[in-house]
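Asker: Dropping in coords14.pdb, with PDB, C-alpha atoms.
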```pdb
MODEL        1
ATOM      1  CA  MET H 273      -0.363   2.149  21.061
ATOM      2  CA  SER H 274       3.061   1.155  19.781
ATOM      3  CA  SER H 275       4.121   2.344  16.347
ATOM      4  CA  VAL H 276       3.709  -1.247  15.113
ATOM      5  CA  PRO H 277       0.182  -2.626  15.495
ATOM      6  CA  GLU H 278       0.080  -5.779  17.611
ATOM      7  CA  SER H 279      -3.637  -6.535  17.470
ATOM      8  CA  LYS H 280      -6.584  -6.424  15.087
ATOM      9  CA  GLU H 281      -7.853  -3.265  16.817
ATOM     10  CA  GLU H 282      -4.469  -1.513  16.548
ATOM     11  CA  LEU H 283      -4.121  -2.493  12.879
ATOM     12  CA  LEU H 284      -7.554  -1.056  12.044
ATOM     13  CA  THR H 285      -6.734   2.094  14.045
ATOM     14  CA  ALA H 286      -3.432   2.487  12.179
ATOM     15  CA  ILE H 287      -5.126   2.229   8.773
ATOM     16  CA  HIS H 288      -8.074   4.432   9.772
ATOM     17  CA  SER H 289      -5.765   7.110  11.189
ATOM     18  CA  ILE H 290      -3.349   7.442   8.245
ATOM     19  CA  TYR H 291      -5.571   6.770   5.246
ATOM     20  CA  PRO H 292      -7.926   9.806   5.443
ATOM     21  CA  LYS H 293      -4.921  12.129   5.928
ATOM     22  CA  LEU H 294      -3.198  10.572   2.929
ATOM     23  CA  MET H 295      -6.331  11.024   0.808
ATOM     24  CA  ASP H 296      -6.565  14.679   1.878
ATOM     25  CA  ASP H 297      -2.988  15.147   0.677
ATOM     26  CA  TYR H 298      -3.765  13.395  -2.615
ATOM     27  CA  ARG H 299      -6.865  15.553  -3.118
ATOM     28  CA  ARG H 300      -4.681  18.698  -2.938
ATOM     29  CA  VAL H 301      -2.836  17.574  -6.079
ATOM     30  CA  PRO H 302      -4.533  18.725  -9.282
ATOM     31  CA  ALA H 303      -4.756  16.064 -11.993
ATOM     32  CA  SER H 304      -2.629  18.334 -14.191
ATOM     33  CA  MET H 305       0.317  17.854 -11.787
ATOM     34  CA  ALA H 306      -0.277  14.236 -10.785
ATOM     35  CA  ARG H 307       2.098  12.835 -13.451
ATOM     36  CA  LYS H 308       4.959  15.255 -12.668
ATOM     37  CA  CYS H 309       7.971  13.063 -11.746
ATOM     38  CA  ASP H 310       9.140  15.001  -8.734
ATOM     39  CA  ILE H 311       9.108  12.376  -5.957
ATOM     40  CA  GLU H 312      11.992  10.142  -4.927
ATOM     41  CA  GLY H 313      11.332   6.668  -6.324
ATOM     42  CA  ASN H 314      11.734   3.220  -4.775
ATOM     43  CA  ILE H 315      14.911   2.615  -6.771
ATOM     44  CA  LYS H 316      17.846   4.843  -5.818
ATOM     45  CA  GLY H 317      18.243   7.784  -8.179
ATOM     46  CA  THR H 318      14.783   7.485  -9.746
ATOM     47  CA  HIS H 319      11.874   9.904  -9.601
ATOM     48  CA  ILE H 320       8.199   9.025  -9.720
ATOM     49  CA  SER H 321       4.905  10.880  -9.918
ATOM     50  CA  VAL H 322       2.064  11.250  -7.425
ATOM     51  CA  CYS H 323       0.130   8.810  -9.651
ATOM     52  CA  ASP H 324       2.952   6.305  -9.219
ATOM     53  CA  THR H 325       2.663   6.549  -5.420
ATOM     54  CA  VAL H 326      -1.052   5.723  -5.712
ATOM     55  CA  ALA H 327      -0.283   2.825  -8.081
ATOM     56  CA  TYR H 328       2.266   1.517  -5.560
ATOM     57  CA  LEU H 329      -0.307   1.459  -2.759
ATOM     58  CA  ILE H 330      -2.924  -0.171  -5.009
ATOM     59  CA  GLY H 331      -0.398  -2.759  -6.180
ATOM     60  CA  TRP H 332       0.631  -3.815  -2.692
ATOM     61  CA  GLY H 333      -2.934  -3.744  -1.397
ATOM     62  CA  LYS H 334      -4.115  -5.994  -4.212
ATOM     63  CA  LEU H 335      -1.162  -8.332  -3.611
ATOM     64  CA  VAL H 336      -2.163  -8.755   0.045
ATOM     65  CA  LEU H 337      -5.727  -9.565  -1.035
ATOM     66  CA  LYS H 338      -4.394 -12.054  -3.624
ATOM     67  CA  TRP H 339      -2.085 -13.719  -1.069
ATOM     68  CA  HIS H 340      -4.948 -14.157   1.385
ATOM     69  CA  SER H 341      -7.331 -15.436  -1.288
ATOM     70  CA  LEU H 342      -4.861 -18.023  -2.605
ATOM     71  CA  LYS H 343      -3.746 -19.172   0.840
ATOM     72  CA  SER H 344      -7.373 -19.439   2.040
ATOM     73  CA  GLN H 345      -8.040 -21.828  -0.842
ATOM     74  CA  GLY H 346      -4.954 -23.876   0.032
ATOM     75  CA  LEU H 347      -3.236 -22.743  -3.154
ATOM     76  CA  PRO H 348       0.470 -21.879  -3.408
ATOM     77  CA  VAL H 349       1.498 -18.226  -3.210
ATOM     78  CA  ASP H 350       4.520 -16.731  -4.954
ATOM     79  CA  PHE H 351       5.830 -14.222  -2.419
ATOM     80  CA  PRO H 352       6.100 -11.326  -3.030
ATOM     81  CA  ASP H 353       4.671 -11.945  -6.528
ATOM     82  CA  THR H 354       5.182 -14.228  -9.503
ATOM     83  CA  GLY H 355       8.474 -13.366 -11.167
ATOM     84  CA  TYR H 356       9.833 -11.321  -8.242
ATOM     85  CA  GLN H 357      12.010 -12.078  -5.222
ATOM     86  CA  TRP H 358      12.056 -10.093  -1.976
ATOM     87  CA  ASN H 359      15.310  -8.447  -3.098
ATOM     88  CA  GLN H 360      13.535  -7.074  -6.204
ATOM     89  CA  LEU H 361      10.915  -4.856  -4.556
ATOM     90  CA  GLY H 362      12.080  -1.807  -6.531
ATOM     91  CA  LEU H 363      11.344  -3.682  -9.764
ATOM     92  CA  LEU H 364       7.995  -4.824  -8.375
ATOM     93  CA  ALA H 365       7.167  -1.176  -7.585
ATOM     94  CA  VAL H 366       8.025  -0.224 -11.184
ATOM     95  CA  SER H 367       5.675  -2.976 -12.391
ATOM     96  CA  PHE H 368       2.865  -1.364 -10.351
ATOM     97  CA  HIS H 369       3.670   2.032 -11.901
ATOM     98  CA  ASP H 370       3.592   0.451 -15.381
ATOM     99  CA  GLN H 371       0.347  -1.396 -14.699
ATOM    100  CA  TYR H 372      -1.470   1.868 -13.896
ATOM    101  CA  ARG H 373       0.508   4.160 -16.236
ATOM    102  CA  ASP H 374      -2.509   5.006 -18.451
ATOM    103  CA  TRP H 375      -5.050   5.502 -15.662
ATOM    104  CA  GLN H 376      -6.511   8.936 -14.937
ATOM    105  CA  TYR H 377      -5.600  10.342 -11.520
ATOM    106  CA  GLU H 378      -9.207  10.359 -10.293
ATOM    107  CA  ASP H 379      -9.631   6.710 -11.336
ATOM    108  CA  LEU H 380      -6.469   5.775  -9.445
ATOM    109  CA  LEU H 381      -7.776   7.442  -6.288
ATOM    110  CA  THR H 382     -11.095   5.612  -6.680
ATOM    111  CA  GLN H 383      -9.243   2.311  -7.129
ATOM    112  CA  LEU H 384      -7.090   3.006  -4.069
ATOM    113  CA  ASP H 385     -10.203   3.749  -2.029
ATOM    114  CA  SER H 386     -11.823   0.512  -3.165
ATOM    115  CA  THR H 387      -8.660  -1.501  -2.423
ATOM    116  CA  VAL H 388      -8.304  -0.005   1.069
ATOM    117  CA  LYS H 389     -11.991  -0.717   1.797
ATOM    118  CA  ASP H 390     -11.419  -4.356   0.738
ATOM    119  CA  LEU H 391      -8.372  -4.587   3.015
ATOM    120  CA  ILE H 392     -10.313  -3.124   5.954
ATOM    121  CA  LEU H 393     -13.129  -5.607   5.318
ATOM    122  CA  LEU H 394     -10.586  -8.441   5.271
ATOM    123  CA  VAL H 395      -9.132  -7.351   8.619
ATOM    124  CA  GLU H 396     -12.620  -6.896  10.099
ATOM    125  CA  CYS H 397     -13.608 -10.432   8.999
ATOM    126  CA  LEU H 398     -10.605 -12.071  10.638
ATOM    127  CA  SER H 399     -10.121 -12.738  14.326
ATOM    128  CA  ASN H 400      -7.270 -11.336  16.361
ATOM    129  CA  GLU H 401      -6.008 -14.925  16.605
ATOM    130  CA  GLU H 402      -5.936 -15.312  12.792
ATOM    131  CA  LEU H 403      -4.207 -11.946  12.414
ATOM    132  CA  TYR H 404      -1.691 -11.929  15.254
ATOM    133  CA  GLU H 405      -1.487 -15.189  17.187
ATOM    134  CA  LYS H 406       0.005 -17.512  14.571
ATOM    135  CA  THR H 407       2.613 -17.226  11.871
ATOM    136  CA  TRP H 408       1.216 -16.854   8.389
ATOM    137  CA  TYR H 409       4.254 -16.463   6.145
ATOM    138  CA  GLU H 410       7.698 -17.524   7.330
ATOM    139  CA  LYS H 411       8.053 -15.750  10.714
ATOM    140  CA  TRP H 412       5.360 -13.121  10.063
ATOM    141  CA  THR H 413       1.735 -13.007  11.163
ATOM    142  CA  LEU H 414      -0.956 -12.065   8.655
ATOM    143  CA  GLY H 415      -1.576  -8.849  10.612
ATOM    144  CA  ARG H 416       2.065  -7.873  10.230
ATOM    145  CA  MET H 417       2.036  -8.713   6.494
ATOM    146  CA  ILE H 418      -1.056  -6.501   6.080
ATOM    147  CA  GLN H 419       0.540  -3.672   8.086
ATOM    148  CA  PHE H 420       3.778  -3.907   6.044
ATOM    149  CA  ASN H 421       1.678  -3.242   2.947
ATOM    150  CA  THR H 422      -0.966  -0.774   4.185
ATOM    151  CA  SER H 423      -0.357   1.605   7.088
ATOM    152  CA  SER H 424       3.460   1.545   6.803
ATOM    153  CA  PRO H 425       3.712   2.444   3.091
ATOM    154  CA  MET H 426       0.784   4.864   3.493
ATOM    155  CA  LYS H 427       2.864   6.788   6.056
ATOM    156  CA  ASN H 428       5.878   6.696   3.749
ATOM    157  CA  MET H 429       3.867   7.870   0.716
ATOM    158  CA  ARG H 430       2.161  10.564   2.772
ATOM    159  CA  THR H 431       5.578  12.017   3.650
ATOM    160  CA  LYS H 432       6.526  12.025  -0.043
ATOM    161  CA  VAL H 433       3.220  13.540  -1.199
ATOM    162  CA  ARG H 434       3.321  16.228   1.506
ATOM    163  CA  ARG H 435       6.859  17.121   0.403
ATOM    164  CA  PHE H 436       5.613  17.287  -3.217
ATOM    165  CA  ASN H 437       2.646  19.452  -2.190
ATOM    166  CA  ASN H 438       4.849  21.819  -0.166
ATOM    167  CA  SER H 439       7.456  22.205  -2.907
ATOM    168  CA  ASN H 440       4.679  22.903  -5.440
ATOM    169  CA  GLY H 441       2.748  25.347  -3.238
ATOM    170  CA  LEU H 442      -0.280  23.057  -2.872
ATOM    171  CA  ARG H 443      -1.909  23.788   0.461
TER     172      ARG H 443
ENDMDL
END
```
Hey, can you dump this file as structure tokens for me?
Answerer:
Amino acid sequence: MSSVPESKEELLTAIHSIYPKLMDDYRRVPASMARKCDIEGNIKGTHISVCDTVAYLIGWGKLVLKWHSLKSQGLPVDFPDTGYQWNQLGLLAVSFHDQYRDWQYEDLLTQLDSTVKDLILLVECLSNEELYEKTWYEKWTLGRMIQFNTSSPMKNMRTKVRRFNNSNGLR
């Protein structure tokens, strides 16, 4: 399998292979440390917490679900989201952090789990043709848009959380 999924089966495999590992890493972090801002943020020079990394993944996952829902109904979609341009993804990430700022760590993990299950269900309900054989947004297929916002950032966040766990002695 290439590092970039090119079929429905590869996309599901990518999500199923990274997500449980990521959750294991998250489960090593005690709630008492989950708001410690010790992780490099999405905007240069900023630091975020483990909770913020979860909020980021929830935010993007929910955006993908929203995009698909709107587009399926023939409604217009503001990509990446209303009020944001593609060159403002750092600000969009901060909006996700703010949206979930008051959530308990355990509730964030539950929400992430629910969001990922919804994304997997979406992929399972679509055909390979719908996911990878036609463009869905500009030059991108829906499968690629899902991968950009699931398995790819999960890998990125897993690296950051593992670094956090190692530097804080969380095995």
Asker: If you measure from atom CA of H:Leu380 to atom CA of H:Val336, what distance in Å do you get, rounded to one decimal?
Answerer: 17.9 Å
Asker: Could you check the closest approach to H:Asn438 for each of H:Leu284, H:Met417, H:Cys323, H:Val301 and tell me which residue wins, using only C-alpha atoms?
Answerer: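 Closest residue, counting only C-alpha atoms: H:Val301.
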Asker: Report the distance between atom CA of H:Asn359 and atom CA of H:Glu402 in Å, rounded to one decimal place.
Answerer: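 About the pair atom CA of H:Asn359 and atom CA of H:Glu402: they are 27.4 Å apart.
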Asker: Applied to this file, what does the PyMOL selection byres ((chain H and resi 394) around 12) return in terms of residues, put as a ChimeraX atom specification?
Answerer: /H:280,283-284,333-334,336-341,344,387-393,395-400,402-403,414-415,418
Asker: Kindly export the residues of the current selection with C-alpha atoms, as a compact mmCIF listing (two decimals), keeping the file's coordinate frame.
Answerer:
```txt
# COMPACT_ATOMS: atom_id res chain seq x y z
CA LYS H 280 -6.58 -6.42 15.09
CA LEU H 283 -4.12 -2.49 12.88
CA LEU H 284 -7.55 -1.06 12.04
CA GLY H 333 -2.93 -3.74 -1.40
CA LYS H 334 -4.12 -5.99 -4.21
CA VAL H 336 -2.16 -8.76 0.04
CA LEU H 337 -5.73 -9.56 -1.03
CA LYS H 338 -4.39 -12.05 -3.62
CA TRP H 339 -2.08 -13.72 -1.07
CA HIS H 340 -4.95 -14.16 1.38
CA SER H 341 -7.33 -15.44 -1.29
CA SER H 344 -7.37 -19.44 2.04
CA THR H 387 -8.66 -1.50 -2.42
CA VAL H 388 -8.30 0.00 1.07
CA LYS H 389 -11.99 -0.72 1.80
CA ASP H 390 -11.42 -4.36 0.74
CA LEU H 391 -8.37 -4.59 3.02
CA ILE H 392 -10.31 -3.12 5.95
CA LEU H 393 -13.13 -5.61 5.32
CA VAL H 395 -9.13 -7.35 8.62
CA GLU H 396 -12.62 -6.90 10.10
CA CYS H 397 -13.61 -10.43 9.00
CA LEU H 398 -10.60 -12.07 10.64
CA SER H 399 -10.12 -12.74 14.33
CA ASN H 400 -7.27 -11.34 16.36
CA GLU H 402 -5.94 -15.31 12.79
CA LEU H 403 -4.21 -11.95 12.41
CA LEU H 414 -0.96 -12.06 8.65
CA GLY H 415 -1.58 -8.85 10.61
CA ILE H 418 -1.06 -6.50 6.08
```
Asker: For this structure, which residues satisfy the selection - the PyMOL selection byres ((chain H and resi 312) around 12) - when it is evaluated on the file as given? I want them as a ChimeraX atom specification.
Answerer: /H:308-311,313-322,324-325,428-429,431-433,435-436
Asker: Store the residues picked out above in a file with C-alpha atoms, as a PDB file, in the frame of the given file.
Answerer:
```pdb
ATOM      1  CA  LYS H 308       4.959  15.255 -12.668  1.00  0.00           C
ATOM      2  CA  CYS H 309       7.971  13.063 -11.746  1.00  0.00           C
ATOM      3  CA  ASP H 310       9.140  15.001  -8.734  1.00  0.00           C
ATOM      4  CA  ILE H 311       9.108  12.376  -5.957  1.00  0.00           C
ATOM      5  CA  GLY H 313      11.332   6.668  -6.324  1.00  0.00           C
ATOM      6  CA  ASN H 314      11.734   3.220  -4.775  1.00  0.00           C
ATOM      7  CA  ILE H 315      14.911   2.615  -6.771  1.00  0.00           C
ATOM      8  CA  LYS H 316      17.846   4.843  -5.818  1.00  0.00           C
ATOM      9  CA  GLY H 317      18.243   7.784  -8.179  1.00  0.00           C
ATOM     10  CA  THR H 318      14.783   7.485  -9.746  1.00  0.00           C
ATOM     11  CA  HIS H 319      11.874   9.904  -9.601  1.00  0.00           C
ATOM     12  CA  ILE H 320       8.199   9.025  -9.720  1.00  0.00           C
ATOM     13  CA  SER H 321       4.905  10.880  -9.918  1.00  0.00           C
ATOM     14  CA  VAL H 322       2.064  11.250  -7.425  1.00  0.00           C
ATOM     15  CA  ASP H 324       2.952   6.305  -9.219  1.00  0.00           C
ATOM     16  CA  THR H 325       2.663   6.549  -5.420  1.00  0.00           C
ATOM     17  CA  ASN H 428       5.878   6.696   3.749  1.00  0.00           C
ATOM     18  CA  MET H 429       3.867   7.870   0.716  1.00  0.00           C
ATOM     19  CA  THR H 431       5.578  12.017   3.650  1.00  0.00           C
ATOM     20  CA  LYS H 432       6.526  12.025  -0.043  1.00  0.00           C
ATOM     21  CA  VAL H 433       3.220  13.540  -1.199  1.00  0.00           C
ATOM     22  CA  ARG H 435       6.859  17.121   0.403  1.00  0.00           C
ATOM     23  CA  PHE H 436       5.613  17.287  -3.217  1.00  0.00           C
TER      24      PHE H 436
END
```
Asker: Suppose a student applies the PyMOL selection byres ((chain H and resi 293) around 12) to this structure; what residues should they get, written as a list of chain:residue names?
Answerer: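 This file gives the following for the PyMOL selection byres ((chain H and resi 293) around 12): H:Ala286, H:Ile287, H:His288, H:Ser289, H:Ile290, H:Tyr291, H:Pro292, H:Leu294, H:Met295, H:Asp296, H:Asp297, H:Tyr298, H:Arg299, H:Arg300, H:Ser423, H:Met426, H:Lys427, H:Met429, H:Arg430, H:Thr431, H:Val433, H:Arg434.
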Asker: Compare H:Gln419, H:Ser439, H:Trp412, H:Asp353 by their minimum atom-to-atom distance to H:Val276, counting all atoms listed in the file, and give me the closest one.
Answerer: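 Ranked by minimum distance to H:Val276, first place goes to H:Gln419.
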Asker: If I take atom CA of H:Thr413 and atom CA of H:Glu278, how far is one from the other in Å, to one decimal?
Answerer: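 We find that atom CA of H:Thr413 and atom CA of H:Glu278 lie 9.8 Å from each other.
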